[in-house]
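With TSV, C-alpha atoms and all ligand atoms inside, this is final-v9.tsv:
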```tsv
chain	number	residue	atom	x	y	z
C	185	MET	CA	28.31	44.81	95.78
C	186	GLY	CA	28.82	41.05	95.47
C	187	PHE	CA	31.72	39.47	93.60
C	188	PHE	CA	29.76	38.91	90.42
C	189	GLU	CA	28.30	42.44	90.36
C	190	LYS	CA	31.79	43.82	90.82
C	191	LEU	CA	33.15	41.73	87.97
C	192	LYS	CA	30.22	42.78	85.80
C	193	ALA	CA	30.79	46.44	86.63
C	194	GLY	CA	34.51	45.97	86.06
C	195	LEU	CA	33.96	44.42	82.66
C	196	LYS	CA	31.40	47.01	81.59
C	197	LYS	CA	33.74	48.88	79.25
C	198	THR	CA	34.87	45.67	77.57
C	199	LYS	CA	31.30	44.44	77.26
C	200	ASP	CA	29.95	47.73	75.89
C	201	SER	CA	32.68	47.95	73.32
C	202	MET	CA	33.17	44.33	72.26
C	203	MET	CA	29.62	43.00	72.60
C	204	GLY	CA	28.20	46.27	71.33
C	205	LYS	CA	30.17	45.90	68.11
C	206	ILE	CA	29.27	42.21	67.74
C	207	GLU	CA	25.57	42.80	68.33
C	208	ARG	CA	25.43	45.65	65.81
C	209	LEU	CA	27.18	43.45	63.30
C	210	LEU	CA	24.84	40.48	63.80
C	211	HIS	CA	21.80	42.79	63.56
C	212	SER	CA	23.01	44.10	60.23
C	213	PHE	CA	22.84	40.65	58.62
C	214	THR	CA	19.66	38.82	57.66
C	215	LYS	CA	21.40	35.54	56.85
C	216	ILE	CA	24.64	33.83	57.77
C	217	ASP	CA	27.19	33.98	54.97
C	218	GLU	CA	30.94	34.28	54.48
C	219	ASP	CA	30.76	38.10	54.76
C	220	LEU	CA	29.36	37.73	58.26
C	221	PHE	CA	32.24	35.50	59.37
C	222	GLU	CA	34.80	37.84	57.83
C	223	GLU	CA	33.35	40.93	59.48
C	224	LEU	CA	33.02	39.09	62.76
C	225	GLU	CA	36.68	38.09	62.61
C	226	GLU	CA	37.65	41.73	62.04
C	227	THR	CA	35.45	42.83	64.92
C	228	LEU	CA	37.08	40.31	67.25
C	229	ILE	CA	40.52	41.54	66.22
C	230	THR	CA	39.57	45.17	66.89
C	231	SER	CA	38.29	43.99	70.30
C	232	ASP	CA	41.82	42.95	71.26
C	233	ILE	CA	41.42	39.29	70.55
C	234	GLY	CA	44.56	38.52	68.55
C	235	VAL	CA	44.53	37.51	64.89
C	236	ASN	CA	45.22	33.81	65.48
C	237	THR	CA	42.63	33.46	68.20
C	238	ALA	CA	40.01	35.38	66.19
C	239	GLU	CA	40.66	33.06	63.27
C	240	ARG	CA	40.31	29.97	65.43
C	241	ILE	CA	37.04	31.26	66.91
C	242	CYS	CA	35.58	31.94	63.46
C	243	ASP	CA	36.66	28.58	62.03
C	244	GLU	CA	34.93	26.87	64.93
C	245	LEU	CA	31.84	29.04	64.41
C	246	ARG	CA	31.68	28.15	60.72
C	247	SER	CA	31.77	24.44	61.41
C	248	ARG	CA	29.19	24.59	64.22
C	249	VAL	CA	26.82	26.75	62.18
C	250	LYS	CA	27.06	24.19	59.41
C	251	ALA	CA	26.77	21.14	61.64
C	252	GLN	CA	23.78	22.53	63.51
C	253	GLY	CA	22.09	24.01	60.44
C	254	ILE	CA	21.82	27.46	62.01
C	255	THR	CA	20.50	30.21	59.74
C	256	ASP	CA	19.59	33.11	62.07
C	257	PRO	CA	22.51	35.52	62.65
C	258	MET	CA	21.26	36.22	66.19
C	259	GLU	CA	21.94	32.62	67.12
C	260	VAL	CA	25.61	33.17	66.40
C	261	LYS	CA	25.95	35.06	69.67
C	262	ASP	CA	25.17	31.98	71.76
C	263	LEU	CA	27.57	29.84	69.75
C	264	LEU	CA	30.26	32.47	70.22
C	265	LYS	CA	29.66	32.43	73.95
C	266	GLN	CA	30.02	28.63	74.02
C	267	ILE	CA	33.21	28.68	71.98
C	268	ILE	CA	34.81	31.39	74.11
C	269	ALA	CA	33.85	29.55	77.30
C	270	GLU	CA	35.45	26.38	75.95
C	271	MET	CA	38.60	28.27	74.97
C	272	LEU	CA	38.91	29.72	78.47
C	273	GLY	CA	38.50	26.21	79.83
C	274	GLU	CA	38.09	24.98	83.38
C	275	GLU	CA	39.43	27.30	86.01
C	276	VAL	CA	42.63	26.24	87.73
C	277	PRO	CA	42.82	27.36	91.36
C	278	LEU	CA	46.03	28.46	93.08
C	279	ASP	CA	48.01	25.52	94.38
C	280	LEU	CA	48.35	26.19	98.09
C	281	SER	CA	48.56	22.51	99.02
C	282	THR	CA	51.75	22.64	101.11
C	283	THR	CA	52.79	24.53	104.24
C	284	PRO	CA	54.27	26.83	103.32
C	285	SER	CA	53.19	27.37	99.76
C	286	VAL	CA	55.07	30.01	97.83
C	287	ILE	CA	53.74	32.53	95.33
C	288	LEU	CA	56.14	34.60	93.22
C	289	VAL	CA	54.55	37.56	91.50
C	290	ILE	CA	56.38	38.80	88.42
C	291	GLY	CA	55.66	41.31	85.67
C	292	VAL	CA	56.79	44.71	84.37
C	293	ASN	CA	56.55	47.92	86.36
C	294	GLY	CA	53.14	49.42	86.96
C	295	VAL	CA	51.00	46.40	86.04
C	296	GLY	CA	49.69	46.08	89.58
C	297	LYS	CA	51.90	43.47	91.28
C	298	THR	CA	52.23	45.17	94.66
C	299	THR	CA	48.57	46.16	94.81
C	300	THR	CA	47.49	42.63	93.89
C	301	ILE	CA	49.73	41.12	96.55
C	302	GLY	CA	48.07	43.42	99.09
C	303	LYS	CA	44.62	42.26	98.01
C	304	LEU	CA	45.57	38.58	97.80
C	305	SER	CA	47.19	38.55	101.23
C	306	TYR	CA	44.07	40.19	102.67
C	307	GLN	CA	41.89	37.53	101.06
C	308	LEU	CA	44.06	34.64	102.29
C	309	HIS	CA	44.27	36.18	105.76
C	310	ASN	CA	40.45	36.38	105.84
C	311	GLU	CA	40.32	32.69	104.94
C	312	GLY	CA	42.28	32.05	108.13
C	313	LYS	CA	45.66	31.52	106.48
C	314	LYS	CA	48.89	32.80	107.92
C	315	VAL	CA	50.67	34.91	105.32
C	316	ILE	CA	54.14	36.43	105.03
C	317	VAL	CA	54.90	38.86	102.25
C	318	ALA	CA	58.51	39.20	101.05
C	319	ALA	CA	59.49	42.64	99.78
C	320	ALA	CA	61.79	41.29	97.07
C	321	ASP	CA	61.35	44.36	94.88
C	322	THR	CA	64.33	46.05	96.45
C	323	PHE	CA	64.89	48.34	93.49
C	324	ARG	CA	63.29	51.44	95.03
C	325	ALA	CA	62.65	52.27	98.68
C	326	ALA	CA	59.19	53.52	97.71
C	327	ALA	CA	58.28	50.04	96.48
C	328	ILE	CA	59.08	48.57	99.89
C	329	ASP	CA	57.08	51.31	101.66
C	330	GLN	CA	54.10	50.78	99.35
C	331	LEU	CA	54.10	47.04	100.10
C	332	GLU	CA	54.33	47.73	103.83
C	333	VAL	CA	51.24	49.95	103.71
C	334	TRP	CA	49.35	47.13	102.00
C	335	THR	CA	50.48	44.46	104.47
C	336	GLU	CA	49.37	46.68	107.36
C	337	ARG	CA	45.96	47.05	105.74
C	338	ALA	CA	45.75	43.31	105.13
C	339	GLY	CA	46.95	42.44	108.64
C	340	VAL	CA	49.81	40.19	107.48
C	341	ASP	CA	53.54	40.05	108.17
C	342	ILE	CA	56.21	41.51	105.92
C	343	ILE	CA	59.89	40.65	105.59
C	344	LYS	CA	61.94	43.51	104.13
C	345	HIS	CA	65.54	44.55	103.71
C	346	ASN	CA	67.03	47.86	102.69
C	347	GLU	CA	66.70	49.33	99.22
C	348	GLY	CA	69.24	47.82	96.84
C	349	SER	CA	69.72	44.58	98.77
C	350	ASP	CA	69.66	41.15	97.14
C	351	PRO	CA	66.06	40.07	96.37
C	352	ALA	CA	66.94	36.39	96.83
C	353	SER	CA	68.15	37.05	100.37
C	354	VAL	CA	64.82	38.70	101.21
C	355	VAL	CA	63.09	35.56	99.97
C	356	PHE	CA	65.52	33.42	101.99
C	357	ASP	CA	64.64	35.33	105.16
C	358	ALA	CA	60.92	35.21	104.43
C	359	LEU	CA	61.11	31.41	104.06
C	360	SER	CA	63.09	31.02	107.29
C	361	ALA	CA	60.50	33.16	109.06
C	362	ALA	CA	57.72	31.10	107.47
C	363	LYS	CA	59.18	27.89	108.91
C	364	ALA	CA	59.63	29.40	112.36
C	365	ARG	CA	56.13	30.92	112.39
C	366	LYS	CA	54.30	28.00	110.70
C	367	THR	CA	53.15	30.22	107.89
C	368	ASP	CA	50.76	28.91	105.23
C	369	VAL	CA	51.61	31.16	102.30
C	370	VAL	CA	54.68	33.23	101.41
C	371	ILE	CA	54.02	35.81	98.69
C	372	CYS	CA	57.04	37.44	97.05
C	373	ASP	CA	56.89	40.83	95.37
C	374	THR	CA	59.53	41.30	92.66
C	375	ALA	CA	60.88	44.09	90.50
C	376	GLY	CA	59.94	43.51	86.89
C	377	ARG	CA	62.73	44.72	84.68
C	378	LEU	CA	61.99	43.17	81.35
C	379	HIS	CA	64.44	45.40	79.47
C	380	ASN	CA	67.22	43.08	80.53
C	381	LYS	CA	66.07	39.54	79.94
C	382	LYS	CA	69.30	37.95	81.08
C	383	ASN	CA	69.24	39.71	84.45
C	384	LEU	CA	65.60	38.96	84.94
C	385	MET	CA	66.14	35.30	84.15
C	386	GLN	CA	69.11	35.07	86.51
C	387	GLU	CA	67.21	36.80	89.27
C	388	LEU	CA	64.19	34.54	88.89
C	389	GLN	CA	66.34	31.42	88.77
C	390	LYS	CA	68.18	32.49	91.89
C	391	ILE	CA	64.91	33.10	93.72
C	392	SER	CA	63.48	29.73	92.59
C	393	ARG	CA	66.65	28.00	93.76
C	394	ILE	CA	66.32	29.58	97.19
C	395	VAL	CA	62.66	28.60	97.34
C	396	HIS	CA	63.42	24.97	96.49
C	397	GLN	CA	66.32	24.83	98.95
C	398	GLN	CA	64.45	26.46	101.79
C	399	ALA	CA	61.05	24.91	101.22
C	400	GLU	CA	61.78	21.62	99.52
C	401	GLY	CA	58.76	20.10	97.82
C	402	CYS	CA	56.64	23.17	98.39
C	403	ALA	CA	53.91	24.24	95.99
C	404	LEU	CA	55.31	27.11	93.95
C	405	GLU	CA	53.14	29.42	91.90
C	406	VAL	CA	54.86	31.80	89.49
C	407	LEU	CA	52.18	34.32	88.63
C	408	LEU	CA	52.66	36.80	85.83
C	409	ALA	CA	50.74	40.05	86.34
C	410	LEU	CA	49.47	41.70	83.15
C	411	ASP	CA	47.70	45.03	82.79
C	412	ALA	CA	44.53	44.46	80.74
C	413	THR	CA	44.44	48.11	79.65
C	414	THR	CA	47.54	47.52	77.52
C	415	GLY	CA	45.73	45.10	75.20
C	416	GLN	CA	47.89	43.11	72.81
C	417	ASN	CA	51.00	44.54	74.42
C	418	ALA	CA	50.15	42.44	77.47
C	419	VAL	CA	50.07	39.37	75.25
C	420	ASN	CA	53.55	40.23	73.98
C	421	GLN	CA	54.80	40.65	77.54
C	422	ALA	CA	53.33	37.28	78.41
C	423	ARG	CA	55.22	35.67	75.52
C	424	GLN	CA	58.50	37.25	76.60
C	425	PHE	CA	58.16	36.29	80.25
C	426	ASN	CA	57.08	32.80	79.26
C	427	GLU	CA	60.48	32.36	77.60
C	428	VAL	CA	62.41	33.04	80.81
C	429	ALA	CA	60.13	31.80	83.58
C	430	ASP	CA	57.98	28.74	84.28
C	431	ILE	CA	54.76	30.69	84.63
C	432	THR	CA	52.01	28.74	86.36
C	433	GLY	CA	49.28	31.35	86.08
C	434	ILE	CA	48.28	34.84	85.00
C	435	ILE	CA	46.92	37.69	87.08
C	436	LEU	CA	44.95	40.01	84.82
C	437	THR	CA	44.67	43.45	86.41
C	438	LYS	CA	42.66	46.62	85.77
C	439	LEU	CA	39.73	44.93	84.07
C	440	ASP	CA	37.66	47.80	85.49
C	441	GLY	CA	39.36	50.46	83.42
C	442	THR	CA	39.53	48.83	80.03
C	443	ALA	CA	37.65	48.05	76.86
C	444	LYS	CA	40.38	45.51	76.12
C	445	GLY	CA	39.36	42.69	78.47
C	446	GLY	CA	39.08	40.44	75.42
C	447	ILE	CA	42.82	39.83	75.67
C	448	ILE	CA	42.05	37.26	78.37
C	449	ILE	CA	40.89	35.02	75.51
C	450	SER	CA	44.08	35.45	73.44
C	451	ILE	CA	46.31	34.99	76.49
C	452	THR	CA	44.70	31.67	77.40
C	453	ASP	CA	44.59	30.51	73.79
C	454	ASP	CA	48.11	31.68	72.93
C	455	LEU	CA	50.08	30.72	76.01
C	456	LYS	CA	48.05	27.81	77.32
C	457	VAL	CA	48.64	29.26	80.78
C	458	PRO	CA	45.50	29.68	82.89
C	459	VAL	CA	44.33	33.04	84.18
C	460	LYS	CA	44.09	32.46	87.93
C	461	LEU	CA	43.21	35.88	89.34
C	462	VAL	CA	41.56	39.01	88.04
C	463	THR	CA	41.43	42.44	89.64
C	464	VAL	CA	38.70	44.98	89.06
C	465	GLY	CA	39.71	48.08	91.01
C	466	GLU	CA	42.06	49.64	93.52
C	467	LYS	CA	40.25	48.64	96.72
C	468	ILE	CA	41.46	45.83	98.95
C	469	ASP	CA	38.66	43.47	97.97
C	470	ASP	CA	38.78	44.16	94.22
C	471	ILE	CA	40.26	40.74	93.47
C	472	GLN	CA	38.70	37.44	92.45
C	473	PRO	CA	39.82	34.00	91.42
C	474	PHE	CA	39.14	33.72	87.71
C	475	ASN	CA	35.87	31.98	86.98
C	476	THR	CA	35.11	31.12	83.36
C	477	HIS	CA	31.35	30.96	83.79
C	478	ASP	CA	31.13	34.32	85.58
C	479	PHE	CA	33.48	35.97	83.12
C	480	VAL	CA	31.52	34.82	80.08
C	481	GLU	CA	28.19	35.70	81.71
C	482	ALA	CA	29.45	39.17	82.62
C	483	LEU	CA	30.61	39.70	79.07
C	484	PHE	CA	27.60	38.31	77.22
C	485	GLU	CA	24.55	38.95	79.40
U	501	LIG	N1	41.84	50.67	88.16
U	501	LIG	C1	42.70	49.78	88.65
U	501	LIG	N2	43.92	50.17	89.02
U	501	LIG	C2	44.78	49.24	89.52
U	501	LIG	C3	44.40	47.87	89.63
U	501	LIG	N3	45.46	47.20	90.14
U	501	LIG	C4	46.46	48.10	90.32
U	501	LIG	N4	46.07	49.34	89.95
U	501	LIG	C5	46.84	50.58	89.98
U	501	LIG	O1	47.98	50.47	89.13
U	501	LIG	C6	49.06	51.22	89.64
U	501	LIG	C7	50.33	50.38	89.70
U	501	LIG	O2	50.15	49.36	90.67
U	501	LIG	P1	51.36	48.67	91.45
U	501	LIG	O3	50.77	47.63	92.32
U	501	LIG	O4	52.22	49.70	92.11
U	501	LIG	O5	52.16	48.02	90.24
U	501	LIG	P2	53.58	47.26	90.25
U	501	LIG	O6	54.60	48.25	89.76
U	501	LIG	O7	53.42	46.13	89.28
U	501	LIG	O8	53.84	46.79	91.64
U	501	LIG	C8	48.62	51.75	90.99
U	501	LIG	O9	48.21	53.09	90.86
U	501	LIG	C9	47.44	50.85	91.34
U	501	LIG	O10	46.52	51.49	92.19
U	501	LIG	C10	43.07	47.49	89.22
U	501	LIG	O11	42.64	46.33	89.26
U	501	LIG	N5	42.28	48.49	88.74
U	502	MG	MG	55.47	47.09	92.85
```
Turn the structure described in the file into structure tokens.
Ligand SMILES: Nc1nc2c(ncn2[C@@H]2O[C@H](COP(=O)(O)OP(=O)(O)O)[C@@H](O)[C@H]2O)c(=O)[nH]1
Ligand SMILES: [Mg+2]
Amino acid sequence: MGFFEKLKAGLKKTKDSMMGKIERLLHSFTKIDEDLFEELEETLITSDIGVNTAERICDELRSRVKAQGITDPMEVKDLLKQIIAEMLGEEVPLDLSTTPSVILVIGVNGVGKTTTIGKLSYQLHNEGKKVIVAAADTFRAAAIDQLEVWTERAGVDIIKHNEGSDPASVVFDALSAAKARKTDVVICDTAGRLHNKKNLMQELQKISRIVHQQAEGCALEVLLALDATTGQNAVNQARQFNEVADITGIILTKLDGTAKGGIIISITDDLKVPVKLVTVGEKIDDIQPFNTHDFVEALFE
């Protein structure tokens, strides 16, 4: 299966649920009136597009319907597609412009950080880049073992310390190794303990300090991983993390197992942080850079 087919298959649940509801709604109207907009707004909200975003989409729809003199409810679907595509905006690729570049992956437990790092390092390795992964989730030994299995699969190096050691010192060692080995990308796994914001903030600041000391002027991506199956809860997590970290991009995981993929629209609209990667399964190549056009096509066609 090609990338697009995989994304399409991954988004099938979201498409069937969200677009199914929208199409049934549009079919049930013979003309465009205020009731249609109101029901559409409700439908968007029940499709895990947050209240504010749903409202913005419908306001925009109203004004375009008016401006373009559209009267057929079925034409609303195309307008909706345009508006959503514009909201998602141009894709922003990962900044890997320096050697090394550093990627910190943050997010709560179970969202798919370690798995995504495995997939991403495999992809970068296949592009001919030299990758080191830092096992800076030192909270549980099993987390380090899991990452090691992935790096073996991906064919990339890992820097690890013992369970319970200081995450920042793992990052320090990974950056020293990166300099010695002329590594292109250093990807750091972290433990996401959101229940203690102060600790999380301190830990992230300490890691960023080490990164800037050890790799001055390097491109640093702070990617927040969010589990799409958790719907609006993922949006809340994004808001909380955004308060403590300078997030440069979102990784949206598990799009294959969810009818709630619509949250990608609220996340982009709400946080103004671009979605940079999406994952659509548990296999090593189930990862893609986010592509607005493909995403919207997969959802609407
Ligand atoms: N279906 C599906 N499962 C995923 C995806 N990404 C991760 N997972 C699963 O989610 C679970 C938690 O992943 P893990 O990487 O350990 O999360 P972490 O705690 O954030 O490091 C594992 O069982 C993964 O296989 C995905 O894109 N699709
Ligand atoms: Mg993990």
Counting all atoms listed in the file, give me one row per residue of chain C with an atom at most 6 Å from an atom of ligand MG 502 (chain U), showing the shortest contact pair and its distance in Å to one decimal, sorted by chain then residue number, as CSV.
```
residue,atom,partner,partner_atom,distance
C:Lys297,CA,U:MG502,MG,5.3
C:Thr298,CA,U:MG502,MG,4.2
C:Ala327,CA,U:MG502,MG,5.5
```
What's the separation between atom CA of C:Cys402 and atom CA of C:Pro284, in Å to one decimal place?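 According to the coordinates, atom CA of C:Cys402 and atom CA of C:Pro284 are separated by 6.6 Å.
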With all atoms listed in the file as the basis for distance, which of C:Phe484, C:Phe323, C:Phe425, C:Phe213 is at the shortest distance from ligand LIG 501 (chain U)?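 Closest candidate: C:Phe323.
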Counting all atoms listed in the file, which residues in chain C sit no more than 6 Å from ligand LIG 501 (chain U)? For each one, give the nearest pair of atoms and the distance in Å, sorted by chain then residue number, as JSON lines.
```
{"residue": "C:Asn293", "atom": "CA", "partner": "U:LIG501", "partner_atom": "O6", "distance": 3.9}
{"residue": "C:Gly294", "atom": "CA", "partner": "U:LIG501", "partner_atom": "O6", "distance": 3.4}
{"residue": "C:Val295", "atom": "CA", "partner": "U:LIG501", "partner_atom": "O7", "distance": 4.1}
{"residue": "C:Gly296", "atom": "CA", "partner": "U:LIG501", "partner_atom": "O5", "distance": 3.2}
{"residue": "C:Lys297", "atom": "CA", "partner": "U:LIG501", "partner_atom": "O7", "distance": 3.7}
{"residue": "C:Thr298", "atom": "CA", "partner": "U:LIG501", "partner_atom": "O3", "distance": 3.7}
{"residue": "C:Thr299", "atom": "CA", "partner": "U:LIG501", "partner_atom": "O3", "distance": 3.6}
{"residue": "C:Thr437", "atom": "CA", "partner": "U:LIG501", "partner_atom": "O11", "distance": 4.5}
{"residue": "C:Lys438", "atom": "CA", "partner": "U:LIG501", "partner_atom": "O11", "distance": 3.5}
{"residue": "C:Asp440", "atom": "CA", "partner": "U:LIG501", "partner_atom": "N5", "distance": 5.7}
{"residue": "C:Gly441", "atom": "CA", "partner": "U:LIG501", "partner_atom": "N1", "distance": 5.4}
{"residue": "C:Thr463", "atom": "CA", "partner": "U:LIG501", "partner_atom": "O11", "distance": 4.1}
{"residue": "C:Val464", "atom": "CA", "partner": "U:LIG501", "partner_atom": "O11", "distance": 4.2}
{"residue": "C:Gly465", "atom": "CA", "partner": "U:LIG501", "partner_atom": "N5", "distance": 3.5}
{"residue": "C:Glu466", "atom": "CA", "partner": "U:LIG501", "partner_atom": "C2", "distance": 4.9}
```
Shell around C:Leu220 at 10 Å using only C-alpha atoms, local window under 4 positions removed, as a list in words: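 In the requested form, the answer reads Leu209, Leu210, Ser212, Phe213, Thr214, Lys215, Ile216, Leu224, Glu225, Glu226, Cys242 and Pro257 of chain C.
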Find, counting all atoms listed in the file, the residue in C:Glu387, C:Asp430, C:Asp341, C:Glu275 that gets nearest to C:Gly302. C:Asp341
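In this structure, atom CA of C:Phe221 sits 20.7 Å away from atom CA of C:Asp200.
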Neighbourhood query: residues within 12 Å of (55.1, 41.2, 76.2), file coordinates, counting only C-alpha atoms; return as a PyMOL selection string. chain C and resi 291-292+295+376-379+381+408-412+414-428+451+455
Within 10 Å of stretch 354-367 of chain C using only C-alpha atoms, minus same-chain residues under 4 positions, as a VMD selection string: chain C and resid 283 to 286 288 313 to 322 341 to 346 349 to 350 371 to 374 391 to 395 397 to 399
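Excluding C:Phe187 and any residue on its chain fewer than 5 positions from it, the residues at most 9 Å away by all atoms listed in the file are Lys192, Asp470, Ile471 and Gln472 of chain C.
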Rank C:Arg337, C:His396, C:Lys199, C:Lys467 by their smallest atom-to-atom distance to C:Ala352, using all atoms listed in the file, and report the top residue only. C:His396
For C:Gln307, list every protein, DNA or RNA residue within 8 Å, evaluated using only C-alpha atoms, and leave out those in the same chain fewer than 4 positions away; present the list as a count of residues only. 3
For C:Leu461, which residue among C:Val369, C:Glu485, C:Ile301, C:Asn380 is the nearest when counting all atoms listed in the file?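 Closest to C:Leu461 of all the choices is C:Ile301.
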From the list C:Gly194, C:Thr452, C:Gly446, C:Thr300, which residue is nearest C:Thr227 when using only C-alpha atoms? C:Gly446
Subset file as a compact mmCIF listing (two decimals), in the first residue's frame: stretch 221-240 of chain C, C-alpha atoms:
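As written to disk, selection-v1.txt reads:
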```
# COMPACT_ATOMS: atom_id res chain seq x y z
CA PHE C 221 -25.95 25.82 9.38
CA GLU C 222 -27.07 25.10 12.93
CA GLU C 223 -27.35 21.37 12.38
CA LEU C 224 -24.05 21.34 10.56
CA GLU C 225 -22.37 23.09 13.48
CA GLU C 226 -23.76 20.46 15.86
CA THR C 227 -22.59 17.68 13.57
CA LEU C 228 -19.07 19.12 13.47
CA ILE C 229 -19.02 19.33 17.26
CA THR C 230 -20.12 15.70 17.61
CA SER C 231 -17.32 14.83 15.14
CA ASP C 232 -14.75 16.07 17.65
CA ILE C 233 -14.20 19.44 16.09
CA GLY C 234 -14.37 21.75 19.12
CA VAL C 235 -17.13 24.31 19.65
CA ASN C 236 -15.04 27.35 18.73
CA THR C 237 -13.63 25.80 15.58
CA ALA C 238 -17.06 24.50 14.50
CA GLU C 239 -18.45 27.99 14.95
CA ARG C 240 -15.65 29.55 12.92
```
